[in-house]
file final.txt (compact mmCIF, C-alpha atoms and all ligand atoms)
# COMPACT_ATOMS: atom_id res chain seq x y z
CA MET A 53 3.45 -111.86 30.69
CA LYS A 54 5.39 -110.22 33.50
CA SER A 55 9.05 -110.98 34.21
CA ALA A 56 10.03 -112.96 37.29
CA LYS A 57 10.98 -110.01 39.49
CA GLU A 58 8.28 -107.63 38.31
CA LYS A 59 5.76 -106.50 40.91
CA ALA A 60 2.46 -106.29 39.09
CA ILE A 61 -1.06 -105.43 40.20
CA LEU A 62 -4.44 -106.00 38.60
CA TYR A 63 -7.07 -103.27 38.81
CA PRO A 64 -10.35 -105.00 37.98
CA GLY A 65 -13.61 -103.20 37.39
CA SER A 66 -16.44 -102.35 35.06
CA PHE A 67 -15.11 -98.90 34.07
CA ASP A 68 -18.40 -98.14 32.32
CA PRO A 69 -17.17 -95.49 31.71
CA LEU A 70 -13.68 -94.78 33.09
CA THR A 71 -13.85 -91.77 35.44
CA LEU A 72 -11.25 -89.32 36.71
CA GLY A 73 -11.33 -91.28 40.00
CA HIS A 74 -10.32 -94.48 38.22
CA LEU A 75 -7.60 -92.68 36.24
CA ASP A 76 -6.15 -91.14 39.40
CA LEU A 77 -5.92 -94.61 40.96
CA ILE A 78 -4.21 -96.05 37.87
CA ARG A 79 -1.62 -93.23 37.87
CA ARG A 80 -0.88 -93.66 41.56
CA ALA A 81 -0.62 -97.45 41.31
CA ALA A 82 1.79 -97.06 38.38
CA ARG A 83 4.11 -95.13 40.69
CA ILE A 84 4.09 -97.96 43.24
CA PHE A 85 4.04 -101.09 41.06
CA ASP A 86 6.23 -102.11 38.11
CA ARG A 87 3.18 -102.94 36.02
CA VAL A 88 -0.50 -102.15 36.33
CA TYR A 89 -3.01 -104.30 34.49
CA VAL A 90 -6.38 -102.61 34.13
CA GLY A 91 -8.83 -105.51 33.81
CA VAL A 92 -12.20 -104.81 32.27
CA LEU A 93 -14.58 -107.45 33.54
CA VAL A 94 -16.78 -109.18 30.99
CA ASN A 95 -20.13 -109.52 32.73
CA PRO A 96 -22.77 -110.96 30.40
CA HIS A 97 -25.46 -110.54 33.09
CA LYS A 98 -25.00 -106.78 33.39
CA LYS A 99 -26.27 -104.39 30.73
CA SER A 100 -23.51 -101.92 29.96
CA LEU A 101 -23.30 -98.56 28.25
CA PHE A 102 -20.03 -99.34 26.44
CA SER A 103 -19.10 -102.78 25.17
CA VAL A 104 -16.05 -104.41 26.75
CA GLU A 105 -14.13 -103.86 23.51
CA GLU A 106 -15.03 -100.17 23.50
CA ARG A 107 -13.98 -99.78 27.13
CA VAL A 108 -10.63 -101.47 26.49
CA ILE A 109 -9.94 -99.16 23.51
CA ILE A 110 -10.99 -96.05 25.47
CA ILE A 111 -8.87 -96.92 28.53
CA ARG A 112 -5.86 -97.84 26.35
CA ASN A 113 -6.12 -94.49 24.63
CA ILE A 114 -6.43 -92.54 27.88
CA THR A 115 -3.56 -94.38 29.61
CA LYS A 116 -1.20 -94.59 26.65
CA ASP A 117 1.21 -92.06 28.17
CA ILE A 118 1.41 -93.77 31.54
CA PRO A 119 4.36 -96.17 31.45
CA ARG A 120 3.82 -99.85 32.16
CA VAL A 121 0.03 -99.79 32.16
CA GLU A 122 -1.70 -102.57 30.21
CA VAL A 123 -5.40 -102.79 29.53
CA VAL A 124 -6.99 -106.21 29.19
CA SER A 125 -10.41 -107.78 29.45
CA PHE A 126 -11.25 -110.90 31.36
CA SER A 127 -14.17 -113.13 32.17
CA GLY A 128 -14.71 -115.75 34.78
CA LEU A 129 -13.12 -115.89 38.19
CA LEU A 130 -10.76 -113.12 39.23
CA VAL A 131 -8.51 -115.62 41.02
CA ASP A 132 -8.14 -117.69 37.84
CA PHE A 133 -7.20 -114.62 35.84
CA CYS A 134 -4.63 -113.58 38.47
CA ARG A 135 -3.11 -117.05 38.38
CA GLN A 136 -2.98 -116.89 34.58
CA LEU A 137 -1.11 -113.55 34.71
CA GLY A 138 1.04 -114.62 37.65
CA ILE A 139 -0.27 -111.73 39.72
CA SER A 140 -0.63 -111.66 43.49
CA HIS A 141 -1.95 -108.14 44.04
CA ILE A 142 -5.40 -106.68 43.33
CA LEU A 143 -6.05 -102.94 43.39
CA ARG A 144 -9.32 -101.49 44.65
CA GLY A 145 -10.31 -97.92 45.40
CA LEU A 146 -11.95 -96.76 48.61
CA ARG A 147 -14.21 -93.71 48.46
CA ASP A 148 -16.03 -94.08 51.74
CA SER A 149 -17.02 -96.49 54.48
CA ALA A 150 -19.58 -98.15 52.19
CA ASP A 151 -16.77 -99.07 49.77
CA PHE A 152 -14.73 -100.36 52.69
CA GLU A 153 -17.57 -102.52 54.01
CA ALA A 154 -18.07 -104.13 50.63
CA GLU A 155 -14.45 -104.35 49.54
CA ILE A 156 -12.98 -105.83 52.71
CA LYS A 157 -15.35 -108.79 52.46
CA VAL A 158 -14.44 -109.41 48.82
CA ALA A 159 -10.73 -109.11 49.69
CA GLN A 160 -11.09 -111.63 52.52
CA GLY A 161 -13.04 -114.02 50.30
CA LEU A 162 -10.36 -113.79 47.63
CA THR A 163 -7.67 -114.70 50.14
CA VAL A 164 -9.62 -117.81 51.11
CA LEU A 165 -9.94 -118.81 47.46
CA GLU A 166 -6.31 -117.97 46.69
CA PRO A 167 -3.99 -117.68 49.71
CA GLY A 168 -1.31 -115.10 48.99
CA LEU A 169 -3.54 -112.97 46.77
CA ASP A 170 -3.50 -109.58 48.51
CA THR A 171 -5.83 -106.68 47.85
CA VAL A 172 -4.19 -103.25 47.99
CA PHE A 173 -6.55 -100.36 48.73
CA LEU A 174 -5.91 -96.80 47.68
CA GLY A 175 -8.08 -94.09 49.16
CA THR A 176 -9.71 -91.85 46.61
CA ASP A 177 -8.42 -88.38 45.94
CA LEU A 178 -10.80 -85.97 47.70
CA ARG A 179 -11.67 -84.34 44.37
CA TYR A 180 -13.20 -87.60 43.17
CA ALA A 181 -14.67 -89.05 46.36
CA PHE A 182 -18.25 -88.50 45.16
CA LEU A 183 -17.63 -89.87 41.70
CA SER A 184 -18.88 -93.15 40.26
CA SER A 185 -19.53 -94.51 36.78
CA SER A 186 -23.21 -94.88 37.64
CA MET A 187 -23.39 -91.18 38.54
CA VAL A 188 -21.81 -90.32 35.20
CA ARG A 189 -24.39 -92.45 33.40
CA GLU A 190 -27.23 -90.91 35.35
CA VAL A 191 -26.16 -87.33 34.60
CA ALA A 192 -25.55 -88.15 30.94
CA SER A 193 -28.88 -89.94 30.57
CA GLY A 194 -30.58 -86.72 31.64
CA GLY A 195 -28.65 -84.79 29.01
CA GLY A 196 -26.09 -83.33 31.46
CA ASP A 197 -22.45 -82.55 30.65
CA VAL A 198 -20.11 -85.09 32.29
CA SER A 199 -16.82 -83.56 31.15
CA ALA A 200 -15.87 -82.63 34.74
CA PHE A 201 -16.14 -86.28 35.76
CA VAL A 202 -14.34 -88.23 33.03
CA PRO A 203 -10.94 -87.99 31.29
CA GLU A 204 -10.79 -85.75 28.23
CA GLY A 205 -12.47 -87.19 25.18
CA ILE A 206 -14.82 -89.55 27.00
CA ALA A 207 -17.71 -87.10 27.60
CA PRO A 208 -18.66 -86.82 23.90
CA LEU A 209 -18.61 -90.62 23.59
CA VAL A 210 -20.95 -90.92 26.57
CA ALA A 211 -23.25 -88.23 25.18
CA GLU A 212 -23.27 -89.97 21.82
CA LYS A 213 -24.41 -93.23 23.46
CA TYR A 214 -27.42 -91.52 25.00
CA GLY A 215 -28.08 -89.49 21.88
CA LYS A 216 -28.11 -92.65 19.84
CA SER A 217 -30.32 -94.56 22.25
CA ARG A 218 -32.77 -91.65 22.39
CA LYS A 219 -32.97 -91.63 18.60
CA ALA A 220 -33.56 -95.38 18.63
CA GLU A 221 -36.55 -95.04 20.97
P1 LIG A 301 -17.02 -102.35 39.95
O1 LIG A 301 -18.26 -102.47 39.13
O2 LIG A 301 -16.16 -103.56 39.97
O3 LIG A 301 -17.19 -101.73 41.32
P2 LIG A 301 -16.07 -99.84 39.05
O4 LIG A 301 -15.63 -99.56 37.67
O5 LIG A 301 -17.29 -99.16 39.55
O6 LIG A 301 -16.14 -101.39 39.11
O7 LIG A 301 -14.89 -99.53 40.07
C1 LIG A 301 -13.68 -100.22 40.05
C2 LIG A 301 -12.86 -99.88 41.29
O8 LIG A 301 -12.59 -98.47 41.26
C3 LIG A 301 -13.54 -100.13 42.63
O9 LIG A 301 -12.56 -100.56 43.54
C4 LIG A 301 -14.06 -98.79 43.04
O10 LIG A 301 -14.13 -98.67 44.45
C5 LIG A 301 -12.98 -97.89 42.48
N1 LIG A 301 -13.48 -96.54 42.22
C6 LIG A 301 -14.60 -96.21 41.56
N2 LIG A 301 -14.76 -94.88 41.53
C7 LIG A 301 -13.69 -94.35 42.20
C8 LIG A 301 -13.31 -93.02 42.55
N3 LIG A 301 -14.05 -91.97 42.23
N4 LIG A 301 -12.16 -92.86 43.24
C9 LIG A 301 -11.43 -93.94 43.60
N5 LIG A 301 -11.75 -95.21 43.31
C10 LIG A 301 -12.88 -95.42 42.63

call {"tool": "encode", "arguments": {"input": "final.txt", "output": "structure tokens"}}
result
Amino acid sequence: MKSAKEKAILYPGSFDPLTLGHLDLIRRAARIFDRVYVGVLVNPHKKSLFSVEERVIIIRNITKDIPRVEVVSFSGLLVDFCRQLGISHILRGLRDSADFEAEIKVAQGLTVLEPGLDTVFLGTDLRYAFLSSSMVREVASGGGDVSAFVPEGIAPLVAEKYGKSRKAE
């Protein structure tokens, strides 16, 4: 739990898998906020490549050298989880106008549900503006190398997932 004066932010997402775009956002947020919680959303309705537990372990490992970053998983309503952590800031990334269109509505809805809960947007680094987890999955499912898109060490894990599922077919 954060201390009274600490300014903390929650970065919620699927991170299936974590990309270089996500990691860049986490690093930048850690320079602005005292603590960054990376929140892996448990979504039982969505089929995922990595389990929530796997994603938490992977992100913890990748962010272990960034001070004051904590990786957690959560289920249920985002506003409830924020209340539980005592957090009043949400972090979201903006790659393009499509992200903006979608994210601004979610941010406004959250404020209605929980007045005082502010969403902070960080624009993507140009190098990663095209990048999404779904693109990584698509390339990997076709047997492509995703090492230019994900932090070091994740590409073999992604490849292994598709290798395994191909063998299982
Ligand atoms: P979700 O399924 O909740 O959209 P994602 O894991 O896809 O979760 O993304 C989490 C957040 O990270 C979103 O705010 C998304 O806009 C942002 N994001 C995703 N990819 C990038 C990127 N390449 N650069 C910056 N932000 C990104």

call {"tool": "residues_near_ligand", "arguments": {"input": "final.txt", "ligand": "ligand LIG 301 (chain A)", "cutoff": "10 Å", "atoms": "all atoms listed in the file", "output": "PDB file with C-alpha atoms, in the coordinates of the input"}}
result
ATOM      1  CA  TYR A  63      -7.070-103.270  38.810  1.00  0.00           C
ATOM      2  CA  PRO A  64     -10.350-105.000  37.980  1.00  0.00           C
ATOM      3  CA  GLY A  65     -13.610-103.200  37.390  1.00  0.00           C
ATOM      4  CA  SER A  66     -16.440-102.350  35.060  1.00  0.00           C
ATOM      5  CA  PHE A  67     -15.110 -98.900  34.070  1.00  0.00           C
ATOM      6  CA  ASP A  68     -18.400 -98.140  32.320  1.00  0.00           C
ATOM      7  CA  PRO A  69     -17.170 -95.490  31.710  1.00  0.00           C
ATOM      8  CA  LEU A  70     -13.680 -94.780  33.090  1.00  0.00           C
ATOM      9  CA  THR A  71     -13.850 -91.770  35.440  1.00  0.00           C
ATOM     10  CA  LEU A  72     -11.250 -89.320  36.710  1.00  0.00           C
ATOM     11  CA  GLY A  73     -11.330 -91.280  40.000  1.00  0.00           C
ATOM     12  CA  HIS A  74     -10.320 -94.480  38.220  1.00  0.00           C
ATOM     13  CA  LEU A  75      -7.600 -92.680  36.240  1.00  0.00           C
ATOM     14  CA  ASP A  76      -6.150 -91.140  39.400  1.00  0.00           C
ATOM     15  CA  LEU A  77      -5.920 -94.610  40.960  1.00  0.00           C
ATOM     16  CA  ILE A  78      -4.210 -96.050  37.870  1.00  0.00           C
ATOM     17  CA  VAL A  90      -6.380-102.610  34.130  1.00  0.00           C
ATOM     18  CA  GLY A  91      -8.830-105.510  33.810  1.00  0.00           C
ATOM     19  CA  VAL A  92     -12.200-104.810  32.270  1.00  0.00           C
ATOM     20  CA  LEU A  93     -14.580-107.450  33.540  1.00  0.00           C
ATOM     21  CA  ASN A  95     -20.130-109.520  32.730  1.00  0.00           C
ATOM     22  CA  LYS A  98     -25.000-106.780  33.390  1.00  0.00           C
ATOM     23  CA  ILE A 142      -5.400-106.680  43.330  1.00  0.00           C
ATOM     24  CA  LEU A 143      -6.050-102.940  43.390  1.00  0.00           C
ATOM     25  CA  ARG A 144      -9.320-101.490  44.650  1.00  0.00           C
ATOM     26  CA  GLY A 145     -10.310 -97.920  45.400  1.00  0.00           C
ATOM     27  CA  LEU A 146     -11.950 -96.760  48.610  1.00  0.00           C
ATOM     28  CA  ARG A 147     -14.210 -93.710  48.460  1.00  0.00           C
ATOM     29  CA  ASP A 148     -16.030 -94.080  51.740  1.00  0.00           C
ATOM     30  CA  ALA A 150     -19.580 -98.150  52.190  1.00  0.00           C
ATOM     31  CA  ASP A 151     -16.770 -99.070  49.770  1.00  0.00           C
ATOM     32  CA  PHE A 152     -14.730-100.360  52.690  1.00  0.00           C
ATOM     33  CA  ALA A 154     -18.070-104.130  50.630  1.00  0.00           C
ATOM     34  CA  GLU A 155     -14.450-104.350  49.540  1.00  0.00           C
ATOM     35  CA  VAL A 172      -4.190-103.250  47.990  1.00  0.00           C
ATOM     36  CA  PHE A 173      -6.550-100.360  48.730  1.00  0.00           C
ATOM     37  CA  LEU A 174      -5.910 -96.800  47.680  1.00  0.00           C
ATOM     38  CA  GLY A 175      -8.080 -94.090  49.160  1.00  0.00           C
ATOM     39  CA  THR A 176      -9.710 -91.850  46.610  1.00  0.00           C
ATOM     40  CA  ASP A 177      -8.420 -88.380  45.940  1.00  0.00           C
ATOM     41  CA  LEU A 178     -10.800 -85.970  47.700  1.00  0.00           C
ATOM     42  CA  ARG A 179     -11.670 -84.340  44.370  1.00  0.00           C
ATOM     43  CA  TYR A 180     -13.200 -87.600  43.170  1.00  0.00           C
ATOM     44  CA  ALA A 181     -14.670 -89.050  46.360  1.00  0.00           C
ATOM     45  CA  PHE A 182     -18.250 -88.500  45.160  1.00  0.00           C
ATOM     46  CA  LEU A 183     -17.630 -89.870  41.700  1.00  0.00           C
ATOM     47  CA  SER A 184     -18.880 -93.150  40.260  1.00  0.00           C
ATOM     48  CA  SER A 185     -19.530 -94.510  36.780  1.00  0.00           C
ATOM     49  CA  SER A 186     -23.210 -94.880  37.640  1.00  0.00           C
ATOM     50  CA  MET A 187     -23.390 -91.180  38.540  1.00  0.00           C
ATOM     51  CA  PHE A 201     -16.140 -86.280  35.760  1.00  0.00           C
ATOM     52  CA  VAL A 202     -14.340 -88.230  33.030  1.00  0.00           C
TER      53      VAL A 202
END

call {"tool": "atom_distance", "arguments": {"input": "final.txt", "atom1": "CA of Ala60 in chain A", "atom2": "CA of Glu105 in chain A"}}
result
22.9 Å

call {"tool": "residues_around", "arguments": {"input": "final.txt", "residues": "Ser140 in chain A", "least_positions_apart": "3", "cutoff": "8 Å", "atoms": "only C-alpha atoms", "output": "list in words"}}
result
Ala60, Ile61, Cys134, Arg135, Gly168, Leu169 and Asp170 of chain A

call {"tool": "atom_distance", "arguments": {"input": "final.txt", "atom1": "CA of Arg79 in chain A", "atom2": "CA of Ile118 in chain A"}}
result
7.0 Å

call {"tool": "atom_distance", "arguments": {"input": "final.txt", "atom1": "CA of Asp86 in chain A", "atom2": "CA of Phe133 in chain A"}}
result
18.5 Å

call {"tool": "build_atoms", "arguments": {"input": "final.txt", "residues": "range 196-219 of chain A", "atoms": "N, CA, C and O atoms", "output": "compact mmCIF listing (two decimals), in the coordinates of the input"}}
result
# COMPACT_ATOMS: atom_id res chain seq x y z
N GLY A 196 -27.09 -84.18 30.81
CA GLY A 196 -26.09 -83.33 31.46
C GLY A 196 -24.69 -83.52 30.89
O GLY A 196 -24.39 -84.56 30.28
N ASP A 197 -23.84 -82.51 31.13
CA ASP A 197 -22.45 -82.55 30.65
C ASP A 197 -21.59 -83.25 31.70
O ASP A 197 -21.53 -82.81 32.85
N VAL A 198 -20.90 -84.33 31.32
CA VAL A 198 -20.11 -85.09 32.29
C VAL A 198 -18.62 -84.83 32.15
O VAL A 198 -17.80 -85.55 32.71
N SER A 199 -18.25 -83.77 31.42
CA SER A 199 -16.82 -83.56 31.15
C SER A 199 -15.99 -83.26 32.40
O SER A 199 -14.78 -83.44 32.38
N ALA A 200 -16.63 -82.86 33.50
CA ALA A 200 -15.87 -82.63 34.74
C ALA A 200 -15.62 -83.93 35.50
O ALA A 200 -14.89 -83.94 36.48
N PHE A 201 -16.23 -85.02 35.02
CA PHE A 201 -16.14 -86.28 35.76
C PHE A 201 -15.28 -87.35 35.08
O PHE A 201 -14.90 -88.33 35.71
N VAL A 202 -15.03 -87.18 33.79
CA VAL A 202 -14.34 -88.23 33.03
C VAL A 202 -13.11 -87.64 32.32
O VAL A 202 -13.07 -86.43 32.05
N PRO A 203 -12.11 -88.48 32.02
CA PRO A 203 -10.94 -87.99 31.29
C PRO A 203 -11.35 -87.39 29.94
O PRO A 203 -12.36 -87.78 29.36
N GLU A 204 -10.50 -86.48 29.47
CA GLU A 204 -10.79 -85.75 28.23
C GLU A 204 -11.10 -86.71 27.08
O GLU A 204 -10.42 -87.71 26.89
N GLY A 205 -12.12 -86.39 26.36
CA GLY A 205 -12.47 -87.19 25.18
C GLY A 205 -13.58 -88.20 25.44
O GLY A 205 -14.21 -88.70 24.51
N ILE A 206 -13.82 -88.52 26.71
CA ILE A 206 -14.82 -89.55 27.00
C ILE A 206 -16.24 -88.96 27.02
O ILE A 206 -17.20 -89.61 26.60
N ALA A 207 -16.37 -87.71 27.48
CA ALA A 207 -17.71 -87.10 27.60
C ALA A 207 -18.50 -87.14 26.28
O ALA A 207 -19.68 -87.53 26.29
N PRO A 208 -17.88 -86.77 25.15
CA PRO A 208 -18.66 -86.82 23.90
C PRO A 208 -19.09 -88.25 23.54
O PRO A 208 -20.17 -88.45 22.98
N LEU A 209 -18.25 -89.22 23.89
CA LEU A 209 -18.61 -90.62 23.59
C LEU A 209 -19.81 -91.06 24.43
O LEU A 209 -20.70 -91.77 23.95
N VAL A 210 -19.82 -90.59 25.69
CA VAL A 210 -20.95 -90.92 26.57
C VAL A 210 -22.21 -90.25 26.04
O VAL A 210 -23.27 -90.89 25.92
N ALA A 211 -22.09 -88.98 25.69
CA ALA A 211 -23.25 -88.23 25.18
C ALA A 211 -23.79 -88.89 23.92
O ALA A 211 -25.02 -89.01 23.74
N GLU A 212 -22.88 -89.33 23.08
CA GLU A 212 -23.27 -89.97 21.82
C GLU A 212 -24.09 -91.24 22.09
O GLU A 212 -25.09 -91.50 21.42
N LYS A 213 -23.67 -92.00 23.10
CA LYS A 213 -24.41 -93.23 23.46
C LYS A 213 -25.86 -92.90 23.80
O LYS A 213 -26.78 -93.56 23.36
N TYR A 214 -26.05 -91.86 24.61
CA TYR A 214 -27.42 -91.52 25.00
C TYR A 214 -28.18 -90.86 23.84
O TYR A 214 -29.36 -91.09 23.68
N GLY A 215 -27.46 -90.10 23.06
CA GLY A 215 -28.08 -89.49 21.88
C GLY A 215 -28.60 -90.56 20.95
O GLY A 215 -29.75 -90.52 20.52
N LYS A 216 -27.75 -91.56 20.74
CA LYS A 216 -28.11 -92.65 19.84
C LYS A 216 -29.30 -93.43 20.39
O LYS A 216 -30.23 -93.75 19.68
N SER A 217 -29.24 -93.72 21.72
CA SER A 217 -30.32 -94.56 22.25
C SER A 217 -31.63 -93.78 22.25
O SER A 217 -32.68 -94.36 22.08
N ARG A 218 -31.52 -92.44 22.43
CA ARG A 218 -32.77 -91.65 22.39
C ARG A 218 -33.38 -91.70 20.99
O ARG A 218 -34.57 -91.86 20.84
N LYS A 219 -32.47 -91.61 19.97
CA LYS A 219 -32.97 -91.63 18.60
C LYS A 219 -33.62 -92.99 18.28
O LYS A 219 -34.55 -93.08 17.53
